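Raw contents of start.cif, mmCIF, C-alpha atoms:
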data_input
loop_
_atom_site.group_PDB
_atom_site.id
_atom_site.type_symbol
_atom_site.label_atom_id
_atom_site.label_comp_id
_atom_site.auth_asym_id
_atom_site.auth_seq_id
_atom_site.Cartn_x
_atom_site.Cartn_y
_atom_site.Cartn_z
ATOM 1 C CA MET A 8 13.253 -13.528 -5.312
ATOM 2 C CA PRO A 9 10.584 -10.817 -4.958
ATOM 3 C CA GLU A 10 11.706 -7.311 -4.022
ATOM 4 C CA LEU A 11 10.357 -3.832 -3.410
ATOM 5 C CA ALA A 12 11.081 -1.503 -6.318
ATOM 6 C CA PRO A 13 9.898 1.794 -7.713
ATOM 7 C CA PRO A 14 6.900 1.403 -10.038
ATOM 8 C CA THR A 15 7.944 0.545 -13.589
ATOM 9 C CA GLY A 16 6.333 0.173 -16.973
ATOM 10 C CA LEU A 17 8.184 -3.117 -17.441
ATOM 11 C CA VAL A 18 5.416 -5.008 -15.607
ATOM 12 C CA HIS A 19 2.551 -3.479 -17.623
ATOM 13 C CA HIS A 20 0.792 -6.727 -18.560
ATOM 14 C CA SER A 21 1.264 -8.314 -15.136
ATOM 15 C CA TYR A 22 -0.037 -5.169 -13.440
ATOM 16 C CA ILE A 23 -3.188 -5.166 -15.588
ATOM 17 C CA ALA A 24 -3.741 -8.853 -14.803
ATOM 18 C CA ALA A 25 -3.408 -8.085 -11.079
ATOM 19 C CA MET A 26 -5.927 -5.253 -11.335
ATOM 20 C CA GLU A 27 -8.373 -7.615 -13.055
ATOM 21 C CA GLU A 28 -7.941 -10.016 -10.129
ATOM 22 C CA PHE A 29 -8.799 -7.200 -7.720
ATOM 23 C CA ARG A 30 -11.863 -6.294 -9.806
ATOM 24 C CA ALA A 31 -12.991 -9.934 -9.799
ATOM 25 C CA GLU A 32 -13.085 -9.851 -5.995
ATOM 26 C CA GLY A 33 -15.171 -6.663 -6.055
ATOM 27 C CA ARG A 34 -12.533 -3.955 -5.732
ATOM 28 C CA GLY A 35 -12.926 -0.681 -7.595
ATOM 29 C CA GLY A 36 -16.697 -0.471 -7.280
ATOM 30 C CA PRO A 37 -18.575 2.647 -6.199
ATOM 31 C CA ASP A 38 -18.417 1.637 -2.514
ATOM 32 C CA ASP A 39 -14.657 0.953 -2.532
ATOM 33 C CA ASP A 40 -13.175 4.058 -0.888
ATOM 34 C CA THR A 41 -9.656 2.620 -0.643
ATOM 35 C CA THR A 42 -6.645 3.940 -2.529
ATOM 36 C CA LEU A 43 -6.759 0.855 -4.744
ATOM 37 C CA GLY A 44 -10.460 1.401 -5.377
ATOM 38 C CA ALA A 45 -9.925 5.033 -6.348
ATOM 39 C CA THR A 46 -7.043 4.095 -8.627
ATOM 40 C CA LEU A 47 -9.091 1.397 -10.342
ATOM 41 C CA GLY A 48 -11.916 3.879 -10.815
ATOM 42 C CA GLU A 49 -9.653 6.480 -12.368
ATOM 43 C CA TYR A 50 -7.361 4.338 -14.518
ATOM 44 C CA GLY A 51 -8.903 0.876 -14.760
ATOM 45 C CA GLU A 52 -10.373 1.306 -18.217
ATOM 46 C CA LYS A 53 -7.345 3.210 -19.551
ATOM 47 C CA TRP A 54 -4.325 1.161 -18.425
ATOM 48 C CA HIS A 55 -4.317 -1.035 -21.522
ATOM 49 C CA ASP A 56 -2.895 1.943 -23.443
ATOM 50 C CA PRO A 57 0.885 1.802 -22.799
ATOM 51 C CA ALA A 58 1.143 5.615 -22.915
ATOM 52 C CA VAL A 59 -1.509 5.965 -20.202
ATOM 53 C CA PHE A 60 0.225 3.318 -18.107
ATOM 54 C CA GLU A 61 3.554 5.147 -18.449
ATOM 55 C CA ARG A 62 1.876 8.393 -17.334
ATOM 56 C CA TYR A 63 0.418 6.549 -14.346
ATOM 57 C CA VAL A 64 3.858 5.137 -13.440
ATOM 58 C CA ALA A 65 5.361 8.635 -13.733
ATOM 59 C CA GLU A 66 2.641 10.004 -11.457
ATOM 60 C CA VAL A 67 3.157 7.459 -8.687
ATOM 61 C CA THR A 68 6.947 7.743 -8.830
ATOM 62 C CA ALA A 69 7.036 11.538 -8.681
ATOM 63 C CA ALA A 70 9.086 12.486 -5.626
ATOM 64 C CA GLU A 71 6.858 13.202 -2.657
ATOM 65 C CA HIS A 72 3.748 13.616 -4.770
ATOM 66 C CA PRO A 73 0.536 14.303 -2.888
ATOM 67 C CA ALA A 74 -1.442 11.104 -2.407
ATOM 68 C CA GLY A 75 -4.506 12.379 -4.235
ATOM 69 C CA ARG A 76 -7.475 12.538 -1.941
ATOM 70 C CA LEU A 77 -5.315 11.955 1.137
ATOM 71 C CA GLY A 78 -3.313 15.105 0.445
ATOM 72 C CA VAL A 79 0.022 14.048 1.951
ATOM 73 C CA PRO A 80 3.343 13.104 0.339
ATOM 74 C CA VAL A 81 3.653 9.375 -0.349
ATOM 75 C CA THR A 82 6.301 6.973 -1.594
ATOM 76 C CA THR A 83 4.853 4.046 -3.529
ATOM 77 C CA LEU A 84 6.803 0.837 -4.043
ATOM 78 C CA TRP A 85 5.765 -2.223 -5.990
ATOM 79 C CA TYR A 86 6.581 -5.755 -4.950
ATOM 80 C CA LEU A 87 7.955 -7.489 -8.031
ATOM 81 C CA ASP A 88 9.223 -10.944 -8.835
ATOM 82 C CA GLY A 89 11.108 -10.348 -12.056
ATOM 83 C CA GLY A 90 8.421 -9.255 -14.504
ATOM 84 C CA ASP A 91 5.539 -10.202 -12.208
ATOM 85 C CA TYR A 92 3.637 -7.615 -10.200
ATOM 86 C CA LEU A 93 2.715 -9.074 -6.793
ATOM 87 C CA GLY A 94 1.548 -6.016 -4.867
ATOM 88 C CA ARG A 95 2.147 -2.456 -3.777
ATOM 89 C CA ILE A 96 2.898 -0.600 -0.587
ATOM 90 C CA ALA A 97 2.445 3.112 0.033
ATOM 91 C CA ILE A 98 4.409 4.947 2.702
ATOM 92 C CA ARG A 99 2.750 8.200 3.691
ATOM 93 C CA HIS A 100 5.394 10.633 4.865
ATOM 94 C CA THR A 101 3.046 12.073 7.474
ATOM 95 C CA ILE A 102 -0.306 11.319 9.019
ATOM 96 C CA GLY A 103 -1.204 14.991 8.987
ATOM 97 C CA THR A 104 -4.916 14.548 8.377
ATOM 98 C CA ARG A 105 -7.560 13.385 10.816
ATOM 99 C CA PHE A 106 -8.440 10.447 8.560
ATOM 100 C CA LEU A 107 -4.847 9.202 8.459
ATOM 101 C CA ARG A 108 -4.291 9.735 12.205
ATOM 102 C CA GLU A 109 -7.451 7.838 13.093
ATOM 103 C CA TYR A 110 -7.895 5.222 10.353
ATOM 104 C CA GLY A 111 -5.446 5.270 7.456
ATOM 105 C CA GLY A 112 -2.022 5.339 9.064
ATOM 106 C CA HIS A 113 1.388 5.742 7.462
ATOM 107 C CA ILE A 114 1.328 2.553 5.412
ATOM 108 C CA GLY A 115 -1.176 0.899 3.123
ATOM 109 C CA TYR A 116 -0.606 -2.230 1.071
ATOM 110 C CA ASP A 117 -2.325 -4.664 -1.280
ATOM 111 C CA VAL A 118 -1.226 -8.097 -2.503
ATOM 112 C CA ARG A 119 -2.817 -9.396 -5.684
ATOM 113 C CA PRO A 120 -5.299 -12.178 -4.922
ATOM 114 C CA THR A 121 -3.365 -14.991 -6.644
ATOM 115 C CA ALA A 122 -0.210 -14.118 -4.658
ATOM 116 C CA ARG A 123 -1.758 -14.099 -1.187
ATOM 117 C CA ARG A 124 -0.980 -16.418 1.724
ATOM 118 C CA ARG A 125 2.677 -16.762 0.701
ATOM 119 C CA GLY A 126 4.264 -14.242 3.069
ATOM 120 C CA HIS A 127 4.449 -11.410 0.534
ATOM 121 C CA ALA A 128 2.539 -8.872 2.657
ATOM 122 C CA THR A 129 4.807 -9.509 5.639
ATOM 123 C CA ALA A 130 7.907 -9.213 3.455
ATOM 124 C CA MET A 131 6.575 -5.980 1.929
ATOM 125 C CA LEU A 132 5.757 -4.419 5.282
ATOM 126 C CA ARG A 133 9.072 -5.394 6.862
ATOM 127 C CA GLY A 134 10.923 -4.344 3.715
ATOM 128 C CA CYS A 135 9.435 -0.852 3.637
ATOM 129 C CA LEU A 136 10.478 0.016 7.189
ATOM 130 C CA PRO A 137 13.993 1.159 6.171
ATOM 131 C CA TYR A 138 12.390 3.472 3.581
ATOM 132 C CA ALA A 139 10.174 4.912 6.320
ATOM 133 C CA ALA A 140 13.222 5.370 8.556
ATOM 134 C CA ARG A 141 15.006 7.279 5.767
ATOM 135 C CA LEU A 142 11.989 9.610 5.709
ATOM 136 C CA GLY A 143 12.691 10.324 9.379
ATOM 137 C CA LEU A 144 9.828 8.239 10.753
ATOM 138 C CA GLU A 145 10.794 6.574 14.029
ATOM 139 C CA SER A 146 7.522 4.625 14.183
ATOM 140 C CA VAL A 147 4.712 4.130 11.695
ATOM 141 C CA LEU A 148 1.012 3.696 12.260
ATOM 142 C CA VAL A 149 -0.448 0.724 10.381
ATOM 143 C CA THR A 150 -4.149 -0.101 10.530
ATOM 144 C CA CYS A 151 -6.459 -2.851 9.366
ATOM 145 C CA ASP A 152 -10.146 -3.641 9.518
ATOM 146 C CA THR A 153 -11.161 -5.454 12.699
ATOM 147 C CA ASP A 154 -12.272 -8.491 10.661
ATOM 148 C CA ASN A 155 -9.114 -8.697 8.510
ATOM 149 C CA THR A 156 -7.310 -11.483 10.356
ATOM 150 C CA GLY A 157 -4.685 -11.893 7.627
ATOM 151 C CA SER A 158 -3.636 -8.251 7.751
ATOM 152 C CA ARG A 159 -3.651 -8.257 11.550
ATOM 153 C CA LYS A 160 -1.248 -11.205 11.522
ATOM 154 C CA VAL A 161 0.994 -9.446 8.974
ATOM 155 C CA ILE A 162 1.170 -6.325 11.135
ATOM 156 C CA GLU A 163 1.859 -8.272 14.319
ATOM 157 C CA ALA A 164 4.518 -10.420 12.588
ATOM 158 C CA SER A 165 6.194 -7.183 11.484
ATOM 159 C CA GLY A 166 6.499 -5.896 15.026
ATOM 160 C CA GLY A 167 3.178 -4.095 15.317
ATOM 161 C CA VAL A 168 2.253 -3.063 18.851
ATOM 162 C CA PHE A 169 -1.500 -2.735 19.296
ATOM 163 C CA GLU A 170 -2.671 0.697 20.412
ATOM 164 C CA ASP A 171 -6.465 0.620 20.113
ATOM 165 C CA GLU A 172 -9.538 0.165 17.917
ATOM 166 C CA ARG A 173 -11.254 3.135 16.313
ATOM 167 C CA GLY A 174 -14.133 3.120 13.889
ATOM 168 C CA GLY A 175 -13.728 -0.505 12.880
ATOM 169 C CA LYS A 176 -9.941 -0.244 12.520
ATOM 170 C CA LEU A 177 -7.257 -1.884 14.622
ATOM 171 C CA ARG A 178 -4.333 0.513 15.094
ATOM 172 C CA TYR A 179 -0.726 -0.640 15.518
ATOM 173 C CA TRP A 180 2.614 1.118 15.793
ATOM 174 C CA ILE A 181 5.767 -0.389 14.290
ATOM 175 C CA ARG A 182 9.288 0.862 14.975
ATOM 176 C CA THR A 183 11.212 1.530 11.774
ATOM 177 C CA GLY A 184 14.663 0.979 13.200
ATOM 178 C CA LEU A 185 15.507 4.679 13.156
ATOM 179 C CA PRO A 186 17.505 5.325 16.318
ATOM 180 C CA ARG A 187 15.853 7.585 18.865
ATOM 181 C CA VAL A 188 17.522 10.970 19.259
#
Let me see the structure of the file written as C-alpha coordinates.
Amino acid sequence: MPELAPPTGLVHHSYIAAMEEFRAEGRGGPDDDTTLGATLGEYGEKWHDPAVFERYVAEVTAAEHPAGRLGVPVTTLWYLDGGDYLGRIAIRHTIGTRFLREYGGHIGYDVRPTARRRGHATAMLRGCLPYAARLGLESVLVTCDTDNTGSRKVIEASGGVFEDERGGKLRYWIRTGLPRV
(Lines of atoms letter the chains of each structure in order from A and count residues from 1; the text may use other names and numbers.)
(Lines give C-alpha, C1' and ligand atoms only; values in the text may rest on other atoms or scores of the structure.)
Protein backbone atom coordinates (compact mmCIF):
# COMPACT_ATOMS: atom_id res chain seq x y z
CA MET A 1 0.00 0.00 0.00
CA PRO A 2 1.58 3.33 -0.99
CA GLU A 3 2.32 5.85 1.75
CA LEU A 4 3.81 9.28 2.30
CA ALA A 5 7.29 9.09 3.81
CA PRO A 6 10.35 11.25 4.25
CA PRO A 7 12.70 11.08 1.25
CA THR A 8 15.06 8.11 1.46
CA GLY A 9 18.04 6.77 -0.41
CA LEU A 10 16.43 3.33 -0.42
CA VAL A 11 14.48 4.18 -3.59
CA HIS A 12 17.50 5.49 -5.52
CA HIS A 13 17.01 3.45 -8.70
CA SER A 14 13.24 3.91 -8.77
CA TYR A 15 13.64 7.66 -8.25
CA ILE A 16 16.07 7.93 -11.17
CA ALA A 17 13.67 5.94 -13.37
CA ALA A 18 10.84 8.32 -12.39
CA MET A 19 12.97 11.35 -13.25
CA GLU A 20 13.72 9.84 -16.66
CA GLU A 21 9.96 9.47 -17.20
CA PHE A 22 9.51 13.16 -16.39
CA ARG A 23 12.32 14.07 -18.80
CA ALA A 24 10.71 11.96 -21.54
CA GLU A 25 7.56 14.08 -21.26
CA GLY A 26 9.62 17.28 -21.55
CA ARG A 27 10.18 18.22 -17.92
CA GLY A 28 13.47 19.76 -16.84
CA GLY A 29 14.05 21.77 -20.00
CA PRO A 30 15.06 25.43 -20.05
CA ASP A 31 11.42 26.59 -20.09
CA ASP A 32 10.35 24.40 -17.14
CA ASP A 33 10.23 26.84 -14.22
CA THR A 34 8.62 24.36 -11.82
CA THR A 35 10.28 22.96 -8.71
CA LEU A 36 10.63 19.62 -10.48
CA GLY A 37 12.16 21.33 -13.50
CA ALA A 38 14.69 23.19 -11.37
CA THR A 39 15.58 20.02 -9.49
CA LEU A 40 16.08 18.08 -12.72
CA GLY A 41 18.27 20.88 -14.03
CA GLU A 42 20.44 20.92 -10.94
CA TYR A 43 20.73 17.21 -10.15
CA GLY A 44 19.51 15.28 -13.18
CA GLU A 45 22.92 14.41 -14.54
CA LYS A 46 24.41 13.72 -11.10
CA TRP A 47 21.85 11.49 -9.35
CA HIS A 48 23.36 8.26 -10.66
CA ASP A 49 26.19 8.75 -8.15
CA PRO A 50 24.84 7.29 -4.87
CA ALA A 51 26.79 9.86 -2.81
CA VAL A 52 25.20 12.74 -4.73
CA PHE A 53 21.77 11.17 -4.32
CA GLU A 54 22.32 10.81 -0.56
CA ARG A 55 23.33 14.49 -0.37
CA TYR A 56 20.17 15.40 -2.28
CA VAL A 57 18.03 13.33 0.11
CA ALA A 58 19.73 15.02 3.09
CA GLU A 59 19.03 18.43 1.56
CA VAL A 60 15.32 17.83 1.02
CA THR A 61 14.84 16.27 4.45
CA ALA A 62 16.60 19.03 6.37
CA ALA A 63 14.09 20.42 8.87
CA GLU A 64 12.38 23.51 7.52
CA HIS A 65 14.98 24.08 4.83
CA PRO A 66 14.36 27.01 2.51
CA ALA A 67 12.74 25.85 -0.71
CA GLY A 68 15.52 27.17 -2.93
CA ARG A 69 14.25 29.83 -5.25
CA LEU A 70 10.94 30.08 -3.39
CA GLY A 71 12.71 31.08 -0.18
CA VAL A 72 10.25 29.62 2.35
CA PRO A 73 10.49 26.60 4.65
CA VAL A 74 9.15 23.41 3.07
CA THR A 75 8.48 19.84 4.12
CA THR A 76 8.93 17.36 1.29
CA LEU A 77 7.38 13.90 1.40
CA TRP A 78 7.69 11.13 -1.14
CA TYR A 79 4.89 8.77 -2.05
CA LEU A 80 6.35 5.28 -1.94
CA ASP A 81 5.05 1.80 -2.57
CA GLY A 82 7.70 -0.33 -0.90
CA GLY A 83 10.84 0.36 -2.92
CA ASP A 84 8.99 2.19 -5.70
CA TYR A 85 8.96 5.97 -5.95
CA LEU A 86 5.54 7.14 -7.17
CA GLY A 87 5.67 10.89 -6.56
CA ARG A 88 6.41 13.76 -4.23
CA ILE A 89 4.51 16.45 -2.41
CA ALA A 90 5.93 19.65 -0.97
CA ILE A 91 4.21 21.51 1.85
CA ARG A 92 5.33 25.12 2.05
CA HIS A 93 5.04 26.31 5.63
CA THR A 94 4.02 29.78 4.49
CA ILE A 95 2.99 31.56 1.33
CA GLY A 96 5.03 34.59 2.32
CA THR A 97 6.05 35.61 -1.18
CA ARG A 98 3.93 37.25 -3.85
CA PHE A 99 4.53 34.33 -6.22
CA LEU A 100 3.29 31.77 -3.69
CA ARG A 101 0.29 33.89 -2.64
CA GLU A 102 -0.79 34.42 -6.23
CA TYR A 103 0.30 31.28 -8.11
CA GLY A 104 2.29 28.68 -6.19
CA GLY A 105 0.30 28.05 -3.04
CA HIS A 106 1.18 25.96 0.00
CA ILE A 107 1.33 22.60 -1.76
CA GLY A 108 2.92 21.32 -4.93
CA TYR A 109 2.98 17.73 -6.12
CA ASP A 110 4.08 15.50 -8.98
CA VAL A 111 3.18 11.89 -9.78
CA ARG A 112 5.52 9.98 -12.06
CA PRO A 113 3.97 9.49 -15.50
CA THR A 114 3.64 5.69 -15.31
CA ALA A 115 1.78 5.95 -11.97
CA ARG A 116 -0.83 8.50 -13.03
CA ARG A 117 -4.60 8.03 -13.22
CA ARG A 118 -4.62 5.60 -10.28
CA GLY A 119 -5.67 7.96 -7.49
CA HIS A 120 -2.15 8.57 -6.17
CA ALA A 121 -2.30 12.38 -6.44
CA THR A 122 -5.58 12.49 -4.52
CA ALA A 123 -4.19 10.15 -1.85
CA MET A 124 -1.03 12.26 -1.59
CA LEU A 125 -2.91 15.53 -1.27
CA ARG A 126 -5.38 14.19 1.29
CA GLY A 127 -2.57 12.44 3.14
CA CYS A 128 -0.46 15.58 3.52
CA LEU A 129 -3.23 17.62 5.15
CA PRO A 130 -2.48 16.33 8.68
CA TYR A 131 1.17 17.34 8.18
CA ALA A 132 0.01 20.82 7.17
CA ALA A 133 -2.24 20.97 10.23
CA ARG A 134 0.72 20.06 12.48
CA LEU A 135 2.53 23.06 10.96
CA GLY A 136 -0.35 25.21 12.22
CA LEU A 137 -1.99 25.72 8.84
CA GLU A 138 -5.78 25.83 9.15
CA SER A 139 -6.24 25.97 5.37
CA VAL A 140 -3.84 25.56 2.47
CA LEU A 141 -3.81 27.20 -0.92
CA VAL A 142 -3.43 24.72 -3.78
CA THR A 143 -3.25 25.86 -7.39
CA CYS A 144 -3.19 24.30 -10.83
CA ASP A 145 -2.99 25.47 -14.41
CA THR A 146 -6.38 26.30 -15.91
CA ASP A 147 -5.97 23.54 -18.51
CA ASN A 148 -4.87 20.83 -16.03
CA THR A 149 -8.18 19.00 -15.65
CA GLY A 150 -6.59 16.08 -13.78
CA SER A 151 -5.08 18.29 -11.10
CA ARG A 152 -8.28 20.31 -10.80
CA LYS A 153 -10.20 17.10 -10.13
CA VAL A 154 -7.61 16.01 -7.54
CA ILE A 155 -7.91 19.32 -5.70
CA GLU A 156 -11.70 19.30 -5.77
CA ALA A 157 -11.84 15.65 -4.63
CA SER A 158 -9.61 16.64 -1.70
CA GLY A 159 -12.02 19.31 -0.52
CA GLY A 160 -10.71 22.25 -2.52
CA VAL A 161 -13.00 25.28 -2.54
CA PHE A 162 -12.48 27.43 -5.62
CA GLU A 163 -11.47 31.02 -4.89
CA ASP A 164 -10.52 32.50 -8.26
CA GLU A 165 -8.29 32.39 -11.35
CA ARG A 166 -5.12 34.44 -11.55
CA GLY A 167 -2.52 34.44 -14.27
CA GLY A 168 -3.56 31.11 -15.75
CA LYS A 169 -3.86 29.41 -12.35
CA LEU A 170 -6.98 28.14 -10.62
CA ARG A 171 -6.75 28.81 -6.87
CA TYR A 172 -8.39 26.59 -4.25
CA TRP A 173 -8.40 26.50 -0.47
CA ILE A 174 -8.50 23.21 1.43
CA ARG A 175 -9.14 22.90 5.17
CA THR A 176 -6.48 20.81 6.90
CA GLY A 177 -8.63 19.63 9.76
CA LEU A 178 -6.91 21.89 12.28
CA PRO A 179 -9.64 23.14 14.60
CA ARG A 180 -10.34 26.85 14.46
CA VAL A 181 -9.31 28.75 17.58
Apply the PyMOL selection byres ((chain A and resi 55) around 12) to the structure shown and report the selected residues as a list in words.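 On the file shown, the PyMOL selection byres ((chain A and resi 55) around 12) covers Gly16, His19, His20, Ser21, Tyr22, Ile23, Ala24, Met26, Glu27, Tyr50, Gly51, Glu52, Lys53, Trp54, Asp56, Pro57, Ala58, Val59, Phe60, Glu61 and Tyr63 of chain A.
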Rank A:Gly36, A:Pro137, A:Gly111, A:Gly89 by their smallest atom-to-atom distance to Thr15 in chain A, using only C-alpha atoms, and report the top residue only.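 Ranking A:Gly36, A:Pro137, A:Gly111, A:Gly89 by distance to Thr15 in chain A, first place goes to A:Gly89.
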Given all atoms listed in the file as the counted atoms, nearest of A:Ala140, A:Leu17, A:Val81, A:Leu148 to His113 in chain A: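 Of A:Ala140, A:Leu17, A:Val81, A:Leu148, the one nearest His113 in chain A is A:Leu148, counting all atoms listed in the file.
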Selected residue of minimal separation from Ala130 in chain A among A:Leu144, A:Ala164, A:Ala31, A:Val67, counting only C-alpha atoms: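 Looking at the shortest contact to Ala130 in chain A, the residue is A:Ala164.
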Test item: residues at most 9 Å from Thr129 in chain A, all atoms listed in the file, excluding those fewer than 4 positions along its chain, as a list in words: Arg133, Gly134, Ser158, Lys160, Val161, Ile162, Ala164 and Ser165 of chain A
